[in-house]
file model.cif (mmCIF, C-alpha atoms and all ligand atoms)
data_run
loop_
_atom_site.label_atom_id
_atom_site.label_comp_id
_atom_site.auth_asym_id
_atom_site.auth_seq_id
_atom_site.Cartn_x
_atom_site.Cartn_y
_atom_site.Cartn_z
CA MET C 1 101.48 41.87 25.61
CA ASP C 2 98.21 43.71 25.05
CA ALA C 3 97.55 46.29 27.75
CA LYS C 4 93.79 45.71 27.84
CA THR C 5 93.82 41.94 28.13
CA GLY C 6 97.28 40.87 29.29
CA TYR C 7 97.16 38.09 26.69
CA LYS C 8 100.31 37.66 24.65
CA GLY C 9 99.77 34.55 22.52
CA LYS C 10 99.00 33.81 18.88
CA VAL C 11 95.72 32.00 18.18
CA LEU C 12 94.91 29.49 15.45
CA VAL C 13 91.27 29.79 14.39
CA VAL C 14 89.92 26.64 12.76
CA GLY C 15 86.65 26.91 10.83
CA ALA C 16 87.62 30.58 10.48
CA THR C 17 85.76 31.02 7.19
CA GLY C 18 82.49 29.84 8.76
CA LYS C 19 79.92 32.22 10.20
CA THR C 20 81.05 31.86 13.82
CA GLY C 21 84.72 31.52 12.89
CA GLN C 22 84.69 34.89 11.14
CA TRP C 23 83.46 36.46 14.35
CA VAL C 24 86.19 34.72 16.34
CA VAL C 25 88.77 36.29 14.02
CA LYS C 26 87.12 39.74 14.25
CA ARG C 27 86.99 39.70 18.04
CA LEU C 28 90.60 38.49 18.36
CA LEU C 29 91.74 41.33 16.08
CA HIS C 30 89.58 43.75 18.09
CA TYR C 31 91.68 42.86 21.15
CA GLY C 32 94.94 43.02 19.22
CA VAL C 33 95.60 39.28 19.37
CA PRO C 34 97.68 37.87 16.46
CA VAL C 35 95.67 35.37 14.41
CA LYS C 36 96.47 32.48 12.11
CA VAL C 37 93.53 30.89 10.30
CA PHE C 38 93.24 27.31 9.06
CA SER C 39 91.22 27.07 5.88
CA ARG C 40 90.53 24.59 3.12
CA GLU C 41 90.57 27.39 0.55
CA ARG C 42 93.32 29.97 0.62
CA GLU C 43 91.47 32.37 -1.75
CA LYS C 44 88.37 32.32 0.42
CA ALA C 45 90.42 33.18 3.51
CA VAL C 46 92.36 35.91 1.67
CA GLY C 47 89.08 37.39 0.40
CA MET C 48 87.65 37.50 3.93
CA PHE C 49 90.62 38.56 5.99
CA GLY C 50 93.15 40.08 3.59
CA GLU C 51 96.48 40.87 5.19
CA SER C 52 95.15 41.01 8.75
CA VAL C 53 95.89 37.36 9.52
CA GLU C 54 98.36 34.58 8.70
CA ILE C 55 96.81 31.82 6.61
CA ALA C 56 97.51 28.09 6.82
CA THR C 57 95.82 26.00 4.17
CA GLY C 58 94.66 22.45 4.78
CA LYS C 59 91.99 19.94 5.56
CA ILE C 60 90.93 18.81 8.96
CA GLN C 61 91.38 15.23 7.67
CA SER C 62 95.14 15.76 7.44
CA ALA C 63 97.23 15.49 10.60
CA ALA C 64 100.22 16.87 8.66
CA ASP C 65 98.27 19.98 7.56
CA ILE C 66 97.11 20.59 11.13
CA ARG C 67 100.61 20.04 12.56
CA GLU C 68 102.00 22.69 10.23
CA ALA C 69 99.18 25.11 11.08
CA VAL C 70 99.44 24.87 14.89
CA LYS C 71 103.20 25.55 14.87
CA GLY C 72 103.91 28.78 16.73
CA CYS C 73 100.39 29.08 18.16
CA ASP C 74 99.64 29.31 21.87
CA ALA C 75 95.93 28.63 21.61
CA VAL C 76 93.41 27.10 19.22
CA ILE C 77 89.78 28.11 18.84
CA SER C 78 87.66 25.72 16.78
CA ALA C 79 84.41 26.82 15.16
CA LEU C 80 84.42 23.82 12.83
CA GLY C 81 81.07 22.46 11.80
CA SER C 82 79.72 19.75 9.50
CA SER C 83 77.36 20.47 6.63
CA SER C 84 76.68 17.14 4.89
CA VAL C 85 75.62 13.68 6.02
CA THR C 86 78.60 11.90 4.46
CA GLY C 87 82.07 12.77 3.18
CA GLU C 88 84.65 15.33 4.23
CA SER C 89 82.08 17.72 5.73
CA SER C 90 80.15 15.10 7.71
CA PRO C 91 79.68 15.05 11.49
CA ALA C 92 81.89 11.96 11.81
CA ASP C 93 84.70 13.55 9.78
CA VAL C 94 84.48 17.09 11.11
CA ASP C 95 82.68 17.34 14.47
CA ARG C 96 84.24 14.18 15.90
CA ASP C 97 87.36 12.97 14.08
CA GLY C 98 88.40 16.42 12.86
CA VAL C 99 88.19 17.99 16.29
CA ILE C 100 89.88 14.99 17.93
CA ARG C 101 92.75 15.18 15.43
CA LEU C 102 93.05 18.91 16.05
CA VAL C 103 93.12 18.41 19.83
CA ASP C 104 95.86 15.78 19.57
CA GLU C 105 98.05 17.77 17.19
CA ALA C 106 97.57 20.93 19.28
CA ALA C 107 98.56 19.13 22.49
CA ASN C 108 101.60 17.51 20.82
CA THR C 109 102.76 20.89 19.53
CA GLY C 110 102.56 22.56 22.94
CA VAL C 111 99.34 24.57 22.56
CA LYS C 112 98.26 25.78 26.00
CA HIS C 113 94.55 26.51 25.59
CA PHE C 114 91.81 25.08 23.38
CA GLY C 115 88.42 26.73 22.87
CA LEU C 116 85.62 24.78 21.20
CA VAL C 117 82.21 25.68 19.80
CA SER C 118 80.02 22.67 20.62
CA SER C 119 76.22 22.64 20.97
CA MET C 120 73.41 22.69 23.47
CA ALA C 121 71.83 19.18 23.84
CA VAL C 122 75.13 17.49 23.02
CA THR C 123 74.56 14.83 25.70
CA LYS C 124 71.03 14.01 24.46
CA TRP C 125 71.38 11.14 21.97
CA TYR C 126 67.57 11.14 21.56
CA HIS C 127 67.41 14.80 20.47
CA PRO C 128 65.89 15.26 16.94
CA LEU C 129 69.01 17.12 15.77
CA ASN C 130 70.89 13.84 16.12
CA LEU C 131 68.97 12.59 13.05
CA PHE C 132 71.57 14.60 11.11
CA ALA C 133 74.15 11.79 11.06
CA GLY C 134 74.43 11.72 14.86
CA VAL C 135 75.89 15.23 14.94
CA LEU C 136 75.27 15.78 18.65
CA SER C 137 76.79 12.46 19.68
CA LYS C 138 79.81 13.13 17.48
CA LYS C 139 80.31 16.52 19.12
CA TRP C 140 79.99 14.88 22.54
CA GLU C 141 82.76 12.41 21.73
CA ALA C 142 85.00 15.29 20.65
CA GLU C 143 84.18 17.23 23.84
CA GLU C 144 85.11 14.22 25.98
CA HIS C 145 88.43 13.89 24.18
CA LEU C 146 89.19 17.59 24.60
CA ARG C 147 88.41 17.48 28.33
CA ALA C 148 90.62 14.42 28.77
CA VAL C 149 93.60 15.86 26.88
CA PHE C 150 93.49 19.54 27.85
CA SER C 151 92.58 19.39 31.55
CA GLY C 152 96.11 18.31 32.48
CA GLU C 153 98.85 20.47 33.95
CA ASN C 154 99.83 23.51 31.85
CA ARG C 155 96.84 23.08 29.55
CA SER C 156 93.25 24.32 29.65
CA TYR C 157 90.06 24.25 27.62
CA THR C 158 86.79 26.15 27.33
CA ILE C 159 83.78 24.50 25.70
CA VAL C 160 80.82 26.69 24.75
CA ARG C 161 77.53 24.91 24.00
CA PRO C 162 75.34 27.50 22.28
CA GLY C 163 71.62 27.31 21.56
CA GLY C 164 70.41 28.08 18.03
CA LEU C 165 72.86 30.43 16.29
CA LYS C 166 71.86 33.82 14.92
CA ASP C 167 73.73 36.56 13.09
CA GLY C 168 74.25 40.06 14.44
CA GLU C 169 76.64 42.21 16.43
CA PRO C 170 78.07 41.11 19.79
CA LEU C 171 77.28 42.50 23.25
CA LEU C 172 73.62 43.32 22.54
CA HIS C 173 72.08 40.63 24.75
CA LYS C 174 72.05 39.72 28.38
CA LEU C 175 72.98 36.01 28.41
CA HIS C 176 71.84 33.00 30.39
CA VAL C 177 74.49 30.40 31.17
CA ASP C 178 73.97 26.94 32.61
CA THR C 179 75.81 23.66 33.08
CA GLY C 180 74.69 20.03 32.91
CA ASP C 181 72.98 20.34 29.49
CA ARG C 182 69.56 21.09 31.01
CA LEU C 183 68.34 23.68 28.46
CA TRP C 184 65.99 22.70 25.64
CA SER C 185 65.59 25.87 23.61
CA GLY C 186 66.98 29.33 23.04
CA PHE C 187 69.12 31.34 20.66
CA ILE C 188 72.37 33.27 20.80
CA ASN C 189 74.34 35.42 18.37
CA ARG C 190 77.40 33.78 16.83
CA SER C 191 79.30 36.95 17.68
CA ASP C 192 78.65 36.42 21.40
CA VAL C 193 79.78 32.80 21.18
CA ALA C 194 82.97 34.10 19.58
CA GLU C 195 83.40 36.76 22.27
CA LEU C 196 82.99 34.19 25.06
CA LEU C 197 85.73 32.01 23.55
CA VAL C 198 88.04 34.95 22.95
CA VAL C 199 87.84 36.39 26.48
CA ALA C 200 88.32 32.84 27.80
CA LEU C 201 91.95 33.17 26.67
CA TRP C 202 92.69 35.54 29.54
CA VAL C 203 89.84 35.05 32.04
CA GLU C 204 91.07 32.52 34.60
CA LYS C 205 87.54 31.46 35.64
CA ALA C 206 86.85 30.39 32.03
CA LYS C 207 89.52 27.71 32.20
CA ASN C 208 88.37 24.08 32.14
CA LYS C 209 84.71 24.98 31.83
CA THR C 210 81.93 23.45 29.72
CA PHE C 211 78.67 25.38 29.64
CA GLU C 212 75.47 26.12 27.73
CA VAL C 213 74.52 29.65 26.75
CA ILE C 214 71.47 31.41 25.27
CA ASN C 215 70.06 34.94 25.16
CA GLU C 216 68.04 36.07 28.15
CA ALA C 217 67.04 39.59 27.07
CA ASP C 218 67.90 42.44 24.72
CA GLU C 219 70.32 44.46 26.85
CA GLU C 220 73.62 46.01 25.88
CA GLN C 221 76.65 44.47 27.65
CA GLN C 222 79.97 46.09 28.58
CA GLY C 223 81.68 42.70 28.27
CA LEU C 224 80.98 39.00 28.70
CA GLU C 225 83.67 38.08 31.25
CA GLN C 226 81.09 38.36 34.06
CA TYR C 227 79.26 35.25 32.79
CA TYR C 228 82.22 33.11 33.79
CA ASP C 229 81.66 34.20 37.41
CA ARG C 230 78.26 32.49 37.26
CA LEU C 231 79.58 29.02 36.44
CA PRO C 232 80.22 26.51 39.21
CA GLU C 233 83.90 25.95 40.10
N1 LIG C 301 73.37 26.39 13.50
C1 LIG C 301 73.02 26.34 14.77
O1 LIG C 301 71.94 26.81 15.17
C2 LIG C 301 73.98 25.73 15.77
C3 LIG C 301 73.59 25.58 17.09
C4 LIG C 301 74.50 25.09 18.02
C5 LIG C 301 75.79 24.76 17.62
N2 LIG C 301 76.14 24.89 16.31
C6 LIG C 301 77.53 24.56 15.94
O2 LIG C 301 78.28 25.76 15.94
C7 LIG C 301 79.42 25.62 15.09
C8 LIG C 301 79.56 26.83 14.20
O3 LIG C 301 78.42 26.96 13.39
P1 LIG C 301 78.43 27.91 12.08
O4 LIG C 301 77.02 28.05 11.65
O5 LIG C 301 79.26 29.10 12.36
O6 LIG C 301 79.22 26.94 11.06
P2 LIG C 301 79.58 27.16 9.51
O7 LIG C 301 79.28 28.55 9.07
O8 LIG C 301 78.94 26.03 8.76
O9 LIG C 301 81.17 26.97 9.50
C9 LIG C 301 81.77 25.71 9.59
C10 LIG C 301 83.26 25.84 9.33
O10 LIG C 301 83.84 24.52 9.35
C11 LIG C 301 84.71 24.42 8.21
N3 LIG C 301 84.86 23.03 7.75
C12 LIG C 301 83.88 22.13 7.47
N4 LIG C 301 84.44 20.97 7.04
C13 LIG C 301 85.79 21.16 7.05
C14 LIG C 301 86.91 20.34 6.71
N5 LIG C 301 86.76 19.10 6.28
N6 LIG C 301 88.17 20.86 6.83
C15 LIG C 301 88.34 22.13 7.27
N7 LIG C 301 87.31 22.96 7.61
C16 LIG C 301 86.06 22.47 7.49
C17 LIG C 301 84.04 25.27 7.14
O11 LIG C 301 85.00 25.58 6.15
P3 LIG C 301 84.59 26.18 4.73
O12 LIG C 301 84.36 27.66 4.94
O13 LIG C 301 85.79 25.87 3.89
O14 LIG C 301 83.33 25.46 4.29
C18 LIG C 301 83.61 26.47 7.97
O15 LIG C 301 84.71 27.34 8.13
C19 LIG C 301 79.22 24.29 14.35
O16 LIG C 301 79.98 23.28 14.98
C20 LIG C 301 77.73 24.02 14.55
O17 LIG C 301 77.44 22.63 14.48
C21 LIG C 301 75.27 25.37 15.38
#
call {"tool": "encode", "arguments": {"input": "model.cif", "output": "structure tokens"}}
result
Amino acid sequence: MDAKTGYKGKVLVVGATGKTGQWVVKRLLHYGVPVKVFSREREKAVGMFGESVEIATGKIQSAADIREAVKGCDAVISALGSSSVTGESSPADVDRDGVIRLVDEAANTGVKHFGLVSSMAVTKWYHPLNLFAGVLSKKWEAEEHLRAVFSGENRSYTIVRPGGLKDGEPLLHKLHVDTGDRLWSGFINRSDVAELLVVALWVEKAKNKTFEVINEADEEQQGLEQYYDRLPE
């Protein structure tokens, strides 16, 4: 058990080679949490993370690959994201079906907590971003499935809905959190999205929460746990 956090599980990071996923891995390692990554390309993952993590290779289209990867993991954090209109990197395949498959395999294997990077405006079917193959609606369907499966006894979830994603170090911005998908604009660093999902592993108030988050001001932060105190029960 890590003295700082009290968390003693191993975490599977899915979408680990993506821009947010890499930050999830970095922040988990910062807190001394053992990490397994799930990647389509072993060489890419080895190049990024070296010996610091376990690597499971596979596609999010394969239930068998996922089942093998989640074995021995206590939590899953997904930073998966689509990048093409059709095919294996499409919103339907990745943001909806991929996440749903991951949720089901994680639950069946006994994973206790599931953290998901979703998106601001995910409930707004009429949002212009949805012109990209219905990406927001696909993410919404995956969110609904996660809430249904992981809100039961002995399981929990945390869903972060970020505004526009930016690169940069974590803990440099005061954040604004909200619920009910009422925000229309704003940005946040991927590293802070990662940090919010990592601390959610051991912050009780982060359990079974879905919330939007954007930067409020440039202001160094000691930690991000406090933002979970601001969410309604
Ligand atoms: N961009 C924004 O402003 C914004 C705003 C709000 C929310 N979001 C959401 O935030 C999330 C993270 O964004 P990001 O920019 O960090 O994403 P990213 O860099 O594009 O990373 C996406 C990850 O998903 C993986 N992936 C895609 N298809 C896969 C498949 N079929 N099997 C296995 N892995 C697959 C990619 O793997 P490879 O490395 O192998 O390609 C990569 O690791 C996404 O869900 C995105 O939609 C983005």
call {"tool": "residues_around", "arguments": {"input": "model.cif", "residues": "range 60-64 of chain C", "least_positions_apart": "3", "cutoff": "9 Å", "atoms": "all atoms listed in the file", "output": "list in words"}}
result
Val14, Phe38, Ser39, Arg40, Arg67, Glu68, Ala69, Glu88, Asp93, Val94, Asp97, Gly98, Val99, Arg101, Leu102 and Glu105 of chain C
call {"tool": "write_last_selection", "arguments": {"input": "model.cif", "atoms": "C-alpha atoms", "output": "PDB file, in the frame of the given file"}}
result
ATOM      1  CA  VAL C  14      89.920  26.640  12.760  1.00  0.00           C
ATOM      2  CA  PHE C  38      93.240  27.310   9.060  1.00  0.00           C
ATOM      3  CA  SER C  39      91.220  27.070   5.880  1.00  0.00           C
ATOM      4  CA  ARG C  40      90.530  24.590   3.120  1.00  0.00           C
ATOM      5  CA  ARG C  67     100.610  20.040  12.560  1.00  0.00           C
ATOM      6  CA  GLU C  68     102.000  22.690  10.230  1.00  0.00           C
ATOM      7  CA  ALA C  69      99.180  25.110  11.080  1.00  0.00           C
ATOM      8  CA  GLU C  88      84.650  15.330   4.230  1.00  0.00           C
ATOM      9  CA  ASP C  93      84.700  13.550   9.780  1.00  0.00           C
ATOM     10  CA  VAL C  94      84.480  17.090  11.110  1.00  0.00           C
ATOM     11  CA  ASP C  97      87.360  12.970  14.080  1.00  0.00           C
ATOM     12  CA  GLY C  98      88.400  16.420  12.860  1.00  0.00           C
ATOM     13  CA  VAL C  99      88.190  17.990  16.290  1.00  0.00           C
ATOM     14  CA  ARG C 101      92.750  15.180  15.430  1.00  0.00           C
ATOM     15  CA  LEU C 102      93.050  18.910  16.050  1.00  0.00           C
ATOM     16  CA  GLU C 105      98.050  17.770  17.190  1.00  0.00           C
TER      17      GLU C 105
END
call {"tool": "atom_distance", "arguments": {"input": "model.cif", "atom1": "CA of Val117 in chain C", "atom2": "CA of Ala79 in chain C"}}
result
5.3 Å
call {"tool": "atom_distance", "arguments": {"input": "model.cif", "atom1": "CA of Arg190 in chain C", "atom2": "CA of Pro170 in chain C"}}
result
7.9 Å
call {"tool": "residues_near_ligand", "arguments": {"input": "model.cif", "ligand": "ligand LIG 301 (chain C)", "cutoff": "9 Å", "atoms": "only C-alpha atoms and all ligand atoms", "output": "ChimeraX atom specification"}}
result
/C:14-23,38-41,44-45,57-62,78-84,87-91,93-95,98,116-121,135-136,139,160-166,187-188,190,193
call {"tool": "atom_distance", "arguments": {"input": "model.cif", "atom1": "CA of Val198 in chain C", "atom2": "CA of Ala92 in chain C"}}
result
26.3 Å
call {"tool": "decode", "arguments": {"input": "model.cif", "residues": "range 165-229 of chain C", "atoms": "C-alpha atoms", "output": "mmCIF file, in the first residue's frame"}}
result
data_model
loop_
_atom_site.group_PDB
_atom_site.id
_atom_site.type_symbol
_atom_site.label_atom_id
_atom_site.label_comp_id
_atom_site.auth_asym_id
_atom_site.auth_seq_id
_atom_site.Cartn_x
_atom_site.Cartn_y
_atom_site.Cartn_z
ATOM 1 C CA LEU C 165 -7.964 19.458 -24.393
ATOM 2 C CA LYS C 166 -4.588 21.186 -24.220
ATOM 3 C CA ASP C 167 -1.063 19.978 -23.549
ATOM 4 C CA GLY C 168 1.048 21.073 -20.604
ATOM 5 C CA GLU C 169 1.970 20.177 -17.044
ATOM 6 C CA PRO C 170 -0.650 19.363 -14.395
ATOM 7 C CA LEU C 171 -1.646 21.445 -11.361
ATOM 8 C CA LEU C 172 -1.100 24.844 -13.000
ATOM 9 C CA HIS C 173 -4.766 25.873 -13.221
ATOM 10 C CA LYS C 174 -7.596 26.508 -10.859
ATOM 11 C CA LEU C 175 -10.463 24.394 -12.251
ATOM 12 C CA HIS C 176 -14.186 24.884 -12.639
ATOM 13 C CA VAL C 177 -16.343 21.785 -12.212
ATOM 14 C CA ASP C 178 -20.032 21.427 -12.984
ATOM 15 C CA THR C 179 -22.667 18.745 -13.456
ATOM 16 C CA GLY C 180 -25.649 18.456 -15.801
ATOM 17 C CA ASP C 181 -23.678 19.228 -18.993
ATOM 18 C CA ARG C 182 -24.446 22.967 -18.845
ATOM 19 C CA LEU C 183 -21.075 24.310 -20.061
ATOM 20 C CA TRP C 184 -20.568 25.369 -23.678
ATOM 21 C CA SER C 185 -16.904 26.308 -23.881
ATOM 22 C CA GLY C 186 -13.595 26.114 -22.083
ATOM 23 C CA PHE C 187 -10.294 24.267 -22.081
ATOM 24 C CA ILE C 188 -8.350 22.043 -19.724
ATOM 25 C CA ASN C 189 -4.940 20.383 -19.757
ATOM 26 C CA ARG C 190 -4.926 16.664 -20.509
ATOM 27 C CA SER C 191 -2.590 16.267 -17.542
ATOM 28 C CA ASP C 192 -5.261 17.624 -15.175
ATOM 29 C CA VAL C 193 -7.881 15.290 -16.647
ATOM 30 C CA ALA C 194 -5.450 12.452 -15.951
ATOM 31 C CA GLU C 195 -4.799 13.682 -12.414
ATOM 32 C CA LEU C 196 -8.538 13.866 -11.658
ATOM 33 C CA LEU C 197 -9.020 10.257 -12.774
ATOM 34 C CA VAL C 198 -5.969 9.035 -10.870
ATOM 35 C CA VAL C 199 -6.883 10.624 -7.524
ATOM 36 C CA ALA C 200 -10.434 9.297 -8.020
ATOM 37 C CA LEU C 201 -8.992 5.850 -7.260
ATOM 38 C CA TRP C 202 -8.630 6.740 -3.590
ATOM 39 C CA VAL C 203 -10.883 9.779 -3.042
ATOM 40 C CA GLU C 204 -14.218 8.455 -1.785
ATOM 41 C CA LYS C 205 -16.178 11.535 -2.930
ATOM 42 C CA ALA C 206 -15.054 10.859 -6.523
ATOM 43 C CA LYS C 207 -16.923 7.561 -6.601
ATOM 44 C CA ASN C 208 -19.970 7.324 -8.873
ATOM 45 C CA LYS C 209 -19.595 10.861 -10.161
ATOM 46 C CA THR C 210 -20.011 12.296 -13.674
ATOM 47 C CA PHE C 211 -18.886 15.889 -14.125
ATOM 48 C CA GLU C 212 -17.650 18.537 -16.552
ATOM 49 C CA VAL C 213 -14.382 20.369 -15.987
ATOM 50 C CA ILE C 214 -12.557 23.352 -17.524
ATOM 51 C CA ASN C 215 -9.863 25.825 -16.475
ATOM 52 C CA GLU C 216 -10.982 28.797 -14.429
ATOM 53 C CA ALA C 217 -7.676 30.649 -13.974
ATOM 54 C CA ASP C 218 -3.899 30.258 -14.060
ATOM 55 C CA GLU C 219 -3.162 29.329 -10.455
ATOM 56 C CA GLU C 220 -0.870 26.633 -9.113
ATOM 57 C CA GLN C 221 -2.689 23.819 -7.255
ATOM 58 C CA GLN C 222 -1.451 21.632 -4.397
ATOM 59 C CA GLY C 223 -3.743 18.834 -5.581
ATOM 60 C CA LEU C 224 -7.063 18.290 -7.329
ATOM 61 C CA GLU C 225 -8.891 16.195 -4.701
ATOM 62 C CA GLN C 226 -10.656 19.341 -3.436
ATOM 63 C CA TYR C 227 -12.689 19.587 -6.668
ATOM 64 C CA TYR C 228 -14.556 16.427 -5.725
ATOM 65 C CA ASP C 229 -15.858 18.240 -2.621
#
